[in-house]
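The structure file input.txt is reproduced below (compact mmCIF, C-alpha atoms).
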```
# COMPACT_ATOMS: atom_id res chain seq x y z
CA PHE A 27 98.48 -122.46 1.30
CA LEU A 28 98.42 -119.21 -0.63
CA HIS A 29 100.01 -119.02 -4.06
CA SER A 30 101.65 -116.05 -5.73
CA SER A 31 99.74 -116.56 -8.98
CA PRO A 32 96.70 -114.35 -9.82
CA THR A 33 94.33 -117.02 -8.46
CA PHE A 34 94.38 -119.17 -5.38
CA GLN A 35 94.78 -122.84 -6.26
CA SER A 36 94.58 -124.41 -2.81
CA PRO A 37 91.48 -126.54 -2.17
CA PHE A 38 91.25 -125.07 1.30
CA SER A 39 92.39 -122.00 3.14
CA MET A 40 92.72 -120.58 6.62
CA ILE A 41 90.27 -118.69 8.74
CA GLY A 42 91.62 -116.78 11.67
CA SER A 43 91.63 -113.43 13.42
CA ARG A 44 92.56 -111.57 10.22
CA ALA A 45 91.45 -113.91 7.46
CA PHE A 46 87.69 -114.21 7.80
CA SER A 47 86.60 -113.16 4.31
CA LEU A 48 89.57 -114.94 2.75
CA ALA A 49 88.52 -118.30 4.14
CA PHE A 50 84.94 -118.14 2.97
CA SER A 51 85.93 -116.79 -0.41
CA LEU A 52 88.52 -119.47 -1.00
CA ALA A 53 85.77 -122.03 -0.75
CA ALA A 54 84.91 -120.73 -4.23
CA ARG A 55 87.91 -122.18 -6.06
CA GLY A 56 89.75 -120.08 -8.55
CA ALA A 57 88.32 -116.72 -7.55
CA PRO A 58 90.67 -113.82 -8.39
CA ALA A 59 92.88 -113.02 -5.43
CA ARG A 60 92.22 -109.29 -5.59
CA THR A 61 88.50 -109.81 -4.90
CA LEU A 62 89.10 -111.78 -1.73
CA LEU A 63 90.96 -109.34 0.48
CA PRO A 64 88.94 -107.72 3.31
CA GLN A 65 88.62 -103.98 3.71
CA ARG A 66 89.64 -104.31 7.38
CA PRO A 67 90.66 -107.13 9.71
CA LEU A 68 87.81 -109.27 11.02
CA ARG A 69 87.78 -111.93 13.67
CA SER A 70 86.82 -115.53 13.01
CA PRO A 71 83.06 -116.14 13.12
CA PHE A 72 83.74 -119.39 14.94
CA SER A 73 84.94 -117.68 18.12
CA SER A 74 84.00 -114.01 17.99
CA HIS A 75 83.82 -111.46 15.21
CA THR A 76 83.31 -107.75 14.74
CA ALA A 77 80.84 -107.84 11.86
CA SER A 78 77.10 -107.79 12.53
CA ASN A 79 76.57 -110.07 9.53
CA PRO A 80 79.73 -111.97 8.62
CA LEU A 81 78.71 -112.65 5.03
CA ARG A 82 77.49 -109.18 4.14
CA GLY A 83 79.87 -106.57 2.80
CA VAL A 84 83.03 -108.60 3.31
CA LEU A 85 82.29 -110.81 0.31
CA ARG A 86 80.53 -108.18 -1.74
CA ALA A 87 83.16 -108.28 -4.52
CA ALA A 88 83.74 -112.03 -4.44
CA PRO A 89 81.73 -114.84 -6.02
CA ASP A 90 79.33 -116.55 -3.62
CA PRO A 91 81.43 -119.36 -2.10
CA PHE A 92 78.29 -121.34 -1.25
CA VAL A 93 76.70 -121.56 -4.68
CA GLY A 94 75.52 -125.14 -5.04
CA VAL A 95 76.37 -126.02 -1.42
CA ARG A 96 73.56 -127.83 0.39
CA THR A 97 75.34 -129.03 3.54
CA LEU A 98 77.86 -127.41 5.90
CA LEU A 99 79.92 -130.04 7.71
CA PHE A 100 81.67 -128.75 10.84
CA ASP A 101 84.34 -130.25 13.03
CA LEU A 102 83.79 -129.41 16.70
CA ASP A 103 86.90 -128.92 18.87
CA GLY A 104 89.08 -126.10 17.55
CA THR A 105 86.53 -125.22 14.85
CA LEU A 106 83.23 -124.17 16.40
CA TYR A 107 85.18 -122.88 19.37
CA SER A 108 88.84 -121.99 19.71
CA GLY A 109 90.88 -119.22 21.32
CA ASP A 110 90.84 -119.24 25.12
CA ALA A 111 88.01 -121.78 25.23
CA GLY A 112 89.89 -124.08 22.89
CA ASP A 113 93.04 -123.82 24.97
CA ARG A 114 91.14 -124.57 28.18
CA THR A 115 89.37 -127.62 26.79
CA LYS A 116 92.51 -128.96 25.16
CA GLU A 117 94.44 -128.72 28.44
CA TYR A 118 91.53 -130.30 30.29
CA MET A 119 91.27 -133.26 27.90
CA MET A 120 95.02 -133.86 27.90
CA ALA A 121 95.11 -133.87 31.69
CA ARG A 122 92.22 -136.34 31.80
CA ILE A 123 93.84 -138.65 29.25
CA PHE A 124 97.16 -138.71 31.08
CA ARG A 125 95.44 -139.19 34.42
CA TYR A 126 93.56 -142.16 33.01
CA MET A 127 96.76 -143.70 31.70
CA VAL A 128 98.59 -143.25 35.00
CA GLU A 129 95.77 -144.43 37.25
CA ARG A 130 94.78 -147.52 35.27
CA THR A 131 96.14 -150.80 36.65
CA SER A 132 96.07 -154.44 35.63
CA SER A 133 93.15 -155.02 37.99
CA ASP A 134 91.17 -152.34 36.09
CA SER A 135 92.12 -153.74 32.69
CA GLY A 136 91.16 -157.38 32.91
CA GLY A 137 94.62 -158.47 33.96
CA ASP A 138 96.46 -156.54 31.25
CA THR A 139 99.68 -155.12 32.68
CA LYS A 140 100.65 -152.54 30.04
CA PHE A 141 99.21 -149.60 31.97
CA ASP A 142 101.16 -150.68 35.07
CA ALA A 143 104.36 -149.48 33.37
CA ILE A 144 103.01 -145.91 33.18
CA THR A 145 103.49 -144.26 36.56
CA THR A 146 103.92 -140.54 35.75
CA VAL A 147 102.35 -137.94 33.50
CA GLU A 148 105.64 -137.62 31.62
CA GLU A 149 105.61 -141.34 30.86
CA ALA A 150 101.99 -141.11 29.74
CA LYS A 151 102.83 -138.26 27.37
CA ALA A 152 105.76 -140.20 25.91
CA VAL A 153 103.45 -143.15 25.15
CA TRP A 154 100.53 -141.07 23.93
CA LEU A 155 102.18 -138.62 21.52
CA PRO A 156 103.51 -141.01 18.83
CA LEU A 157 100.29 -143.01 18.97
CA PHE A 158 98.14 -139.92 18.51
CA ARG A 159 100.29 -138.71 15.62
CA ARG A 160 99.87 -142.03 13.89
CA TYR A 161 96.19 -142.75 14.58
CA ASN A 162 94.76 -139.24 15.10
CA GLN A 163 92.64 -140.42 18.02
CA SER A 164 93.81 -141.27 21.53
CA LEU A 165 91.54 -144.26 22.16
CA ARG A 166 92.27 -145.88 18.84
CA GLY A 167 96.01 -145.34 19.19
CA LEU A 168 96.17 -146.88 22.65
CA LYS A 169 94.08 -149.87 21.60
CA ALA A 170 96.25 -150.42 18.53
CA ALA A 171 99.29 -150.50 20.82
CA GLY A 172 97.70 -153.28 22.84
CA TYR A 173 96.25 -151.38 25.80
CA VAL A 174 92.99 -152.88 27.06
CA ILE A 175 90.39 -150.12 27.45
CA ASP A 176 86.68 -150.16 28.16
CA GLU A 177 85.39 -147.70 25.55
CA GLY A 178 82.35 -146.67 27.54
CA ARG A 179 84.39 -145.86 30.64
CA TRP A 180 87.03 -144.08 28.55
CA ASN A 181 84.51 -141.88 26.76
CA ALA A 182 82.75 -141.03 30.01
CA PHE A 183 86.01 -140.15 31.73
CA PHE A 184 88.24 -138.14 29.44
CA ARG A 185 85.64 -135.56 28.35
CA GLU A 186 83.53 -135.60 31.49
CA GLY A 187 82.58 -132.06 32.49
CA MET A 188 84.40 -130.46 29.55
CA GLU A 189 81.28 -128.58 28.49
CA GLU A 190 81.47 -126.61 31.74
CA LEU A 191 84.51 -124.82 30.31
CA LEU A 192 82.44 -123.43 27.45
CA GLU A 193 79.88 -120.63 27.44
CA ARG A 194 77.15 -119.39 25.15
CA ASP A 195 78.55 -117.67 22.08
CA GLY A 196 76.13 -115.19 20.55
CA ALA A 197 78.49 -114.26 17.72
CA LEU A 198 78.87 -117.90 16.73
CA ARG A 199 75.12 -118.36 16.74
CA ALA A 200 74.56 -115.26 14.62
CA CYS A 201 77.11 -116.46 12.09
CA LEU A 202 75.58 -119.93 11.85
CA GLU A 203 72.07 -118.51 11.60
CA SER A 204 73.16 -116.40 8.62
CA LEU A 205 73.93 -119.58 6.68
CA PRO A 206 70.79 -121.24 5.28
CA GLN A 207 72.32 -124.64 4.47
CA ARG A 208 71.74 -127.64 6.70
CA LYS A 209 74.44 -127.92 9.33
CA VAL A 210 76.05 -131.12 10.57
CA VAL A 211 78.81 -131.79 13.11
CA PHE A 212 81.46 -134.39 12.20
CA THR A 213 83.87 -135.02 15.07
CA ASN A 214 86.16 -137.77 16.32
CA ALA A 215 84.71 -137.17 19.79
CA PRO A 216 81.89 -139.20 21.38
CA GLU A 217 78.53 -137.91 20.18
CA ALA A 218 77.04 -137.37 23.65
CA SER A 219 79.96 -135.16 24.63
CA ALA A 220 79.72 -133.25 21.35
CA ARG A 221 76.04 -132.52 21.96
CA LYS A 222 76.79 -131.24 25.46
CA CYS A 223 79.40 -128.88 24.01
CA LEU A 224 76.96 -127.58 21.41
CA GLU A 225 74.39 -126.99 24.14
CA ALA A 226 76.95 -125.08 26.20
CA LEU A 227 77.74 -122.89 23.19
CA GLY A 228 74.02 -122.25 22.65
CA VAL A 229 73.89 -123.62 19.11
CA SER A 230 72.73 -127.24 19.45
CA ASP A 231 69.36 -126.52 17.83
CA LEU A 232 71.07 -125.29 14.64
CA PHE A 233 72.53 -128.70 13.76
CA VAL A 234 70.39 -131.42 12.24
CA HIS A 235 72.89 -134.21 12.97
CA VAL A 236 75.91 -134.86 15.20
CA TYR A 237 78.18 -137.65 13.94
CA GLY A 238 81.11 -138.81 16.05
CA ALA A 239 82.96 -141.87 17.26
CA GLU A 240 79.82 -144.01 17.45
CA THR A 241 78.89 -143.39 13.81
CA MET A 242 82.41 -144.04 12.53
CA GLY A 243 83.08 -147.06 14.73
CA SER A 244 85.97 -147.59 17.13
CA GLU A 245 88.36 -148.67 14.37
CA ARG A 246 87.89 -145.58 12.23
CA CYS A 247 88.36 -141.83 12.61
CA LYS A 248 89.19 -138.77 10.56
CA PRO A 249 91.19 -138.40 8.35
CA GLU A 250 90.59 -141.96 7.12
CA ARG A 251 88.37 -142.37 4.10
CA ALA A 252 86.35 -145.04 5.91
CA ALA A 253 85.34 -142.46 8.53
CA PHE A 254 84.05 -140.13 5.83
CA GLU A 255 82.25 -143.03 4.15
CA ALA A 256 80.42 -143.85 7.39
CA VAL A 257 79.25 -140.26 7.86
CA PHE A 258 78.34 -139.81 4.20
CA SER A 259 76.30 -143.01 4.37
CA ALA A 260 74.43 -141.63 7.39
CA LEU A 261 73.78 -138.43 5.42
CA GLY A 262 72.58 -140.37 2.38
CA VAL A 263 75.45 -139.09 0.24
CA ASP A 264 77.44 -141.26 -2.18
CA VAL A 265 81.10 -140.64 -1.35
CA ASP A 266 82.04 -141.69 -4.90
CA ASP A 267 79.73 -139.12 -6.51
CA PRO A 268 81.81 -135.96 -7.18
CA GLY A 269 78.69 -133.89 -7.72
CA ALA A 270 77.23 -134.89 -4.37
CA CYS A 271 80.52 -134.25 -2.57
CA ALA A 272 80.79 -130.81 -4.16
CA GLU A 273 77.51 -129.88 -2.47
CA ILE A 274 79.23 -130.11 0.93
CA CYS A 275 81.51 -127.51 2.51
CA PHE A 276 83.75 -128.94 5.23
CA PHE A 277 85.18 -126.78 8.05
CA GLU A 278 88.19 -128.21 9.92
CA ASP A 279 91.10 -127.15 12.13
CA SER A 280 93.20 -130.19 11.17
CA VAL A 281 95.31 -129.96 8.02
CA ALA A 282 95.20 -133.74 7.55
CA ASN A 283 91.42 -133.85 7.92
CA ALA A 284 90.91 -130.90 5.58
CA ARG A 285 93.12 -132.53 2.95
CA ALA A 286 91.09 -135.73 3.23
CA GLY A 287 87.89 -133.80 2.70
CA ALA A 288 89.31 -131.95 -0.29
CA ALA A 289 90.42 -135.25 -1.83
CA LEU A 290 86.80 -136.40 -1.82
CA GLY A 291 85.76 -133.30 -3.75
CA MET A 292 84.22 -131.29 -0.92
CA ARG A 293 84.78 -127.56 -0.66
CA THR A 294 86.98 -127.24 2.41
CA VAL A 295 87.94 -124.47 4.80
CA LEU A 296 90.87 -124.77 7.21
CA VAL A 297 90.07 -123.00 10.47
CA GLU A 298 93.21 -121.50 11.98
CA CYS A 299 93.87 -122.44 15.60
CA SER A 300 96.60 -123.93 17.78
CA THR A 301 95.79 -127.48 16.61
CA ALA A 302 95.95 -126.74 12.87
CA GLN A 303 99.34 -128.36 12.47
```
Please go through the file and, once you have read it, give me the structure as structure tokens.
Amino acid sequence: FLHSSPTFQSPFSMIGSRAFSLAFSLAARGAPARTLLPQRPLRSPFSSHTASNPLRGVLRAAPDPFVGVRTLLFDLDGTLYSGDAGDRTKEYMMARIFRYMVERTSSDSGGDTKFDAITTVEEAKAVWLPLFRRYNQSLRGLKAAGYVIDEGRWNAFFREGMEELLERDGALRACLESLPQRKVVFTNAPEASARKCLEALGVSDLFVHVYGAETMGSERCKPERAAFEAVFSALGVDVDDPGACAEICFFEDSVANARAGAALGMRTVLVECSTAQ
């Protein structure tokens, strides 16, 4: 994503263990590359960091990346928490999804027999992976392939108890508190589960809205434009108004989702984690 020319042209960048200032600065498009490099490595503010104030000093030579930004739009999984916590929750969710697929039977699915053919975790993975790659959401992918699923039972099952794997993150809270813009979560996850995760992290009170699967509808999810349209409508933002979109900065760990946000005219930041690709 970084170019060799004197300025960075990418609409989004990476934020990781050694690219903290770079990510925030790249939100200000076209800033000279030489002004964006940190004096020393810093950790991501969305897991843990070594700076008492993540925006002070590091960006002292760079233009303010948040000039004109009124809303900060955050993905949840892999963005507001990552590292060990992200790995634990990812493994937990995958295990729950595959368990659901293996344990479901025709008697649980209104007579549908498709789940009966899945008898092992390996078989579940083989079915799930291409569907997730195509649809970017497990539930939607399985339903598109003809599997009969009760959405309420699915949502209650596959993320049940996940918040217990998270813990309060004082560094994350300090970073978010240093940003005066209104903060919104935009996730493909069920909203109730997202709120529980925010509570576990100790930052739920910092977000004015949490938009997830219920807001987008079961047939839509990031990175589809329709998903963004649903959330923008809830926010009272016209998705076709470039000026309004430019007032939003979107933080994501998915390349596809970040590209979709950039295409709408938002300032976008790609958060580096194991799910980025």
Among the residues A:Glu245, A:Glu273, A:Glu225, A:Ala215, the one that comes closest to A:Phe184 [using all atoms listed in the file]: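 Counting all atoms listed in the file, the residue closest to A:Phe184 is A:Ala215.
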Of the listed residues A:Leu290, A:Ala170, A:Leu98, A:Ala200, that which approaches A:Arg246 most closely, counting all atoms listed in the file: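 Among A:Leu290, A:Ala170, A:Leu98, A:Ala200, it is A:Ala170 that comes nearest to A:Arg246.
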Point (88.2, -128.4, 27.5), cut-off 12 Å, counting all atoms listed in the file, residues as a PyMOL selection string: chain A and resi 102-104+107-123+184-193+219-220+222-223+226
Residue among A:Ser259, A:Thr241, A:Thr213, A:Asn283 lying closest to A:Phe100, counting all atoms listed in the file: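 So, comparing all the options, the nearest one is A:Thr213.
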d(atom CA of A:Arg293, atom CA of A:Ala272) in Å: 6.2 Å
Two-atom distance - atom CA of A:Gly238, atom CA of A:Pro216 (Å):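 Computing the Euclidean distance for atom CA of A:Gly238 and atom CA of A:Pro216 yields 5.4 Å.
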Interatomic distance (Å, one decimal) between atom CA of A:Arg125 and atom CA of A:Cys247: 23.1 Å
Best match for closeness to A:Val281 among A:Arg199, A:Lys151, A:Arg130, A:Lys248, counting all atoms listed in the file: A:Lys248
Near-stretch 153-156 of chain A list (8 Å; only C-alpha atoms; drop same-chain fewer than 5 positions) as a JSON list (two decimals) with C-alpha atoms, keeping the file's coordinate frame:
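around16.json written:
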```
[["chain", "number", "residue", "atom", "x", "y", "z"],
["A", 164, "SER", "CA", 93.81, -141.27, 21.53],
["A", 167, "GLY", "CA", 96.01, -145.34, 19.19],
["A", 168, "LEU", "CA", 96.17, -146.88, 22.65]]
```
Protein/DNA/RNA residues near (92.1, -130.1, 10.7), cut 9 Å, only C-alpha atoms, as an MDAnalysis selection string: chainID A and resid 101 104:105 249 277:285 296:298 301:303
Go ahead and save the picked residues with C-alpha atoms, as a CSV table (one decimal), keeping the file's coordinate frame.
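Output file again15.csv is given in full below:
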```csv
chain,number,residue,atom,x,y,z
A,101,ASP,CA,84.3,-130.2,13.0
A,104,GLY,CA,89.1,-126.1,17.6
A,105,THR,CA,86.5,-125.2,14.8
A,249,PRO,CA,91.2,-138.4,8.4
A,277,PHE,CA,85.2,-126.8,8.0
A,278,GLU,CA,88.2,-128.2,9.9
A,279,ASP,CA,91.1,-127.2,12.1
A,280,SER,CA,93.2,-130.2,11.2
A,281,VAL,CA,95.3,-130.0,8.0
A,282,ALA,CA,95.2,-133.7,7.6
A,283,ASN,CA,91.4,-133.8,7.9
A,284,ALA,CA,90.9,-130.9,5.6
A,285,ARG,CA,93.1,-132.5,3.0
A,296,LEU,CA,90.9,-124.8,7.2
A,297,VAL,CA,90.1,-123.0,10.5
A,298,GLU,CA,93.2,-121.5,12.0
A,301,THR,CA,95.8,-127.5,16.6
A,302,ALA,CA,96.0,-126.7,12.9
A,303,GLN,CA,99.3,-128.4,12.5
```
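Among the candidates A:Leu157, A:Ala150, A:Leu261, A:Leu227, the one nearest to A:Lys209 when counting all atoms listed in the file is A:Leu261.
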Expected file for stretch 233-245 of chain A keeping all heavy atoms, as a PDB file, in the first residue's frame:
```
ATOM      1  N   PHE A 233     -19.132   4.886  22.671  1.00  0.00           N
ATOM      2  CA  PHE A 233     -19.736   4.766  21.342  1.00  0.00           C
ATOM      3  C   PHE A 233     -21.210   5.151  21.389  1.00  0.00           C
ATOM      4  O   PHE A 233     -21.972   4.661  22.220  1.00  0.00           O
ATOM      5  CB  PHE A 233     -19.582   3.333  20.825  1.00  0.00           C
ATOM      6  CG  PHE A 233     -18.163   2.967  20.525  1.00  0.00           C
ATOM      7  CD1 PHE A 233     -17.360   2.401  21.507  1.00  0.00           C
ATOM      8  CD2 PHE A 233     -17.610   3.213  19.279  1.00  0.00           C
ATOM      9  CE1 PHE A 233     -16.040   2.084  21.244  1.00  0.00           C
ATOM     10  CE2 PHE A 233     -16.297   2.901  19.000  1.00  0.00           C
ATOM     11  CZ  PHE A 233     -15.499   2.341  19.991  1.00  0.00           C
ATOM     12  N   VAL A 234     -21.591   6.035  20.474  1.00  0.00           N
ATOM     13  CA  VAL A 234     -22.972   6.522  20.469  1.00  0.00           C
ATOM     14  C   VAL A 234     -23.908   5.552  19.764  1.00  0.00           C
ATOM     15  O   VAL A 234     -25.114   5.551  20.025  1.00  0.00           O
ATOM     16  CB  VAL A 234     -23.062   7.914  19.813  1.00  0.00           C
ATOM     17  CG1 VAL A 234     -22.312   8.940  20.636  1.00  0.00           C
ATOM     18  CG2 VAL A 234     -22.537   7.904  18.381  1.00  0.00           C
ATOM     19  N   HIS A 235     -23.371   4.730  18.859  1.00  0.00           N
ATOM     20  CA  HIS A 235     -24.195   3.753  18.151  1.00  0.00           C
ATOM     21  C   HIS A 235     -23.390   2.483  17.905  1.00  0.00           C
ATOM     22  O   HIS A 235     -22.163   2.537  17.754  1.00  0.00           O
ATOM     23  CB  HIS A 235     -24.678   4.280  16.791  1.00  0.00           C
ATOM     24  CG  HIS A 235     -25.504   5.522  16.878  1.00  0.00           C
ATOM     25  ND1 HIS A 235     -26.757   5.563  17.464  1.00  0.00           N
ATOM     26  CD2 HIS A 235     -25.255   6.783  16.426  1.00  0.00           C
ATOM     27  CE1 HIS A 235     -27.233   6.792  17.384  1.00  0.00           C
ATOM     28  NE2 HIS A 235     -26.354   7.546  16.767  1.00  0.00           N
ATOM     29  N   VAL A 236     -24.088   1.354  17.855  1.00  0.00           N
ATOM     30  CA  VAL A 236     -23.505   0.080  17.432  1.00  0.00           C
ATOM     31  C   VAL A 236     -24.392  -0.477  16.330  1.00  0.00           C
ATOM     32  O   VAL A 236     -25.559  -0.813  16.571  1.00  0.00           O
ATOM     33  CB  VAL A 236     -23.413  -0.923  18.599  1.00  0.00           C
ATOM     34  CG1 VAL A 236     -22.902  -2.281  18.093  1.00  0.00           C
ATOM     35  CG2 VAL A 236     -22.495  -0.398  19.692  1.00  0.00           C
ATOM     36  N   TYR A 237     -23.860  -0.551  15.121  1.00  0.00           N
ATOM     37  CA  TYR A 237     -24.618  -1.055  13.977  1.00  0.00           C
ATOM     38  C   TYR A 237     -24.017  -2.381  13.515  1.00  0.00           C
ATOM     39  O   TYR A 237     -22.814  -2.483  13.291  1.00  0.00           O
ATOM     40  CB  TYR A 237     -24.594  -0.058  12.823  1.00  0.00           C
ATOM     41  CG  TYR A 237     -25.253   1.259  13.151  1.00  0.00           C
ATOM     42  CD1 TYR A 237     -24.567   2.466  12.983  1.00  0.00           C
ATOM     43  CD2 TYR A 237     -26.560   1.305  13.636  1.00  0.00           C
ATOM     44  CE1 TYR A 237     -25.173   3.680  13.280  1.00  0.00           C
ATOM     45  CE2 TYR A 237     -27.170   2.515  13.937  1.00  0.00           C
ATOM     46  CZ  TYR A 237     -26.472   3.694  13.758  1.00  0.00           C
ATOM     47  OH  TYR A 237     -27.076   4.893  14.067  1.00  0.00           O
ATOM     48  N   GLY A 238     -24.858  -3.392  13.402  1.00  0.00           N
ATOM     49  CA  GLY A 238     -24.394  -4.712  13.006  1.00  0.00           C
ATOM     50  C   GLY A 238     -25.354  -5.396  12.069  1.00  0.00           C
ATOM     51  O   GLY A 238     -26.028  -4.749  11.256  1.00  0.00           O
ATOM     52  N   ALA A 239     -25.443  -6.712  12.208  1.00  0.00           N
ATOM     53  CA  ALA A 239     -26.233  -7.522  11.279  1.00  0.00           C
ATOM     54  C   ALA A 239     -27.692  -7.095  11.229  1.00  0.00           C
ATOM     55  O   ALA A 239     -28.318  -7.109  10.163  1.00  0.00           O
ATOM     56  CB  ALA A 239     -26.122  -8.989  11.678  1.00  0.00           C
ATOM     57  N   GLU A 240     -28.255  -6.692  12.370  1.00  0.00           N
ATOM     58  CA  GLU A 240     -29.664  -6.308  12.393  1.00  0.00           C
ATOM     59  C   GLU A 240     -29.926  -5.050  11.575  1.00  0.00           C
ATOM     60  O   GLU A 240     -30.946  -4.945  10.893  1.00  0.00           O
ATOM     61  CB  GLU A 240     -30.128  -6.097  13.837  1.00  0.00           C
ATOM     62  CG  GLU A 240     -30.136  -7.357  14.686  1.00  0.00           C
ATOM     63  CD  GLU A 240     -28.794  -7.686  15.301  1.00  0.00           C
ATOM     64  OE1 GLU A 240     -27.768  -7.075  14.893  1.00  0.00           O
ATOM     65  OE2 GLU A 240     -28.749  -8.550  16.184  1.00  0.00           O
ATOM     66  N   THR A 241     -29.009  -4.086  11.641  1.00  0.00           N
ATOM     67  CA  THR A 241     -29.184  -2.844  10.891  1.00  0.00           C
ATOM     68  C   THR A 241     -29.042  -3.080   9.393  1.00  0.00           C
ATOM     69  O   THR A 241     -29.797  -2.528   8.587  1.00  0.00           O
ATOM     70  CB  THR A 241     -28.158  -1.793  11.351  1.00  0.00           C
ATOM     71  OG1 THR A 241     -28.373  -1.502  12.734  1.00  0.00           O
ATOM     72  CG2 THR A 241     -28.286  -0.511  10.539  1.00  0.00           C
ATOM     73  N   MET A 242     -28.075  -3.916   9.019  1.00  0.00           N
ATOM     74  CA  MET A 242     -27.833  -4.171   7.596  1.00  0.00           C
ATOM     75  C   MET A 242     -28.879  -5.093   6.993  1.00  0.00           C
ATOM     76  O   MET A 242     -29.188  -4.991   5.801  1.00  0.00           O
ATOM     77  CB  MET A 242     -26.443  -4.790   7.414  1.00  0.00           C
ATOM     78  CG  MET A 242     -25.304  -3.858   7.756  1.00  0.00           C
ATOM     79  SD  MET A 242     -23.693  -4.651   7.523  1.00  0.00           S
ATOM     80  CE  MET A 242     -23.682  -5.788   8.922  1.00  0.00           C
ATOM     81  N   GLY A 243     -29.426  -6.002   7.781  1.00  0.00           N
ATOM     82  CA  GLY A 243     -30.347  -7.001   7.255  1.00  0.00           C
ATOM     83  C   GLY A 243     -29.597  -8.269   6.897  1.00  0.00           C
ATOM     84  O   GLY A 243     -28.413  -8.241   6.558  1.00  0.00           O
ATOM     85  N   SER A 244     -30.289  -9.395   6.949  1.00  0.00           N
ATOM     86  CA  SER A 244     -29.631 -10.694   6.783  1.00  0.00           C
ATOM     87  C   SER A 244     -29.065 -10.917   5.388  1.00  0.00           C
ATOM     88  O   SER A 244     -28.216 -11.784   5.188  1.00  0.00           O
ATOM     89  CB  SER A 244     -30.619 -11.821   7.115  1.00  0.00           C
ATOM     90  OG  SER A 244     -31.736 -11.781   6.242  1.00  0.00           O
ATOM     91  N   GLU A 245     -29.520 -10.143   4.416  1.00  0.00           N
ATOM     92  CA  GLU A 245     -29.053 -10.342   3.039  1.00  0.00           C
ATOM     93  C   GLU A 245     -27.921  -9.405   2.660  1.00  0.00           C
ATOM     94  O   GLU A 245     -27.500  -9.376   1.507  1.00  0.00           O
ATOM     95  CB  GLU A 245     -30.220 -10.150   2.057  1.00  0.00           C
ATOM     96  CG  GLU A 245     -31.384 -11.100   2.293  1.00  0.00           C
ATOM     97  CD  GLU A 245     -30.969 -12.551   2.238  1.00  0.00           C
ATOM     98  OE1 GLU A 245     -30.194 -12.913   1.334  1.00  0.00           O
ATOM     99  OE2 GLU A 245     -31.407 -13.331   3.122  1.00  0.00           O
TER     100      GLU A 245
END
```
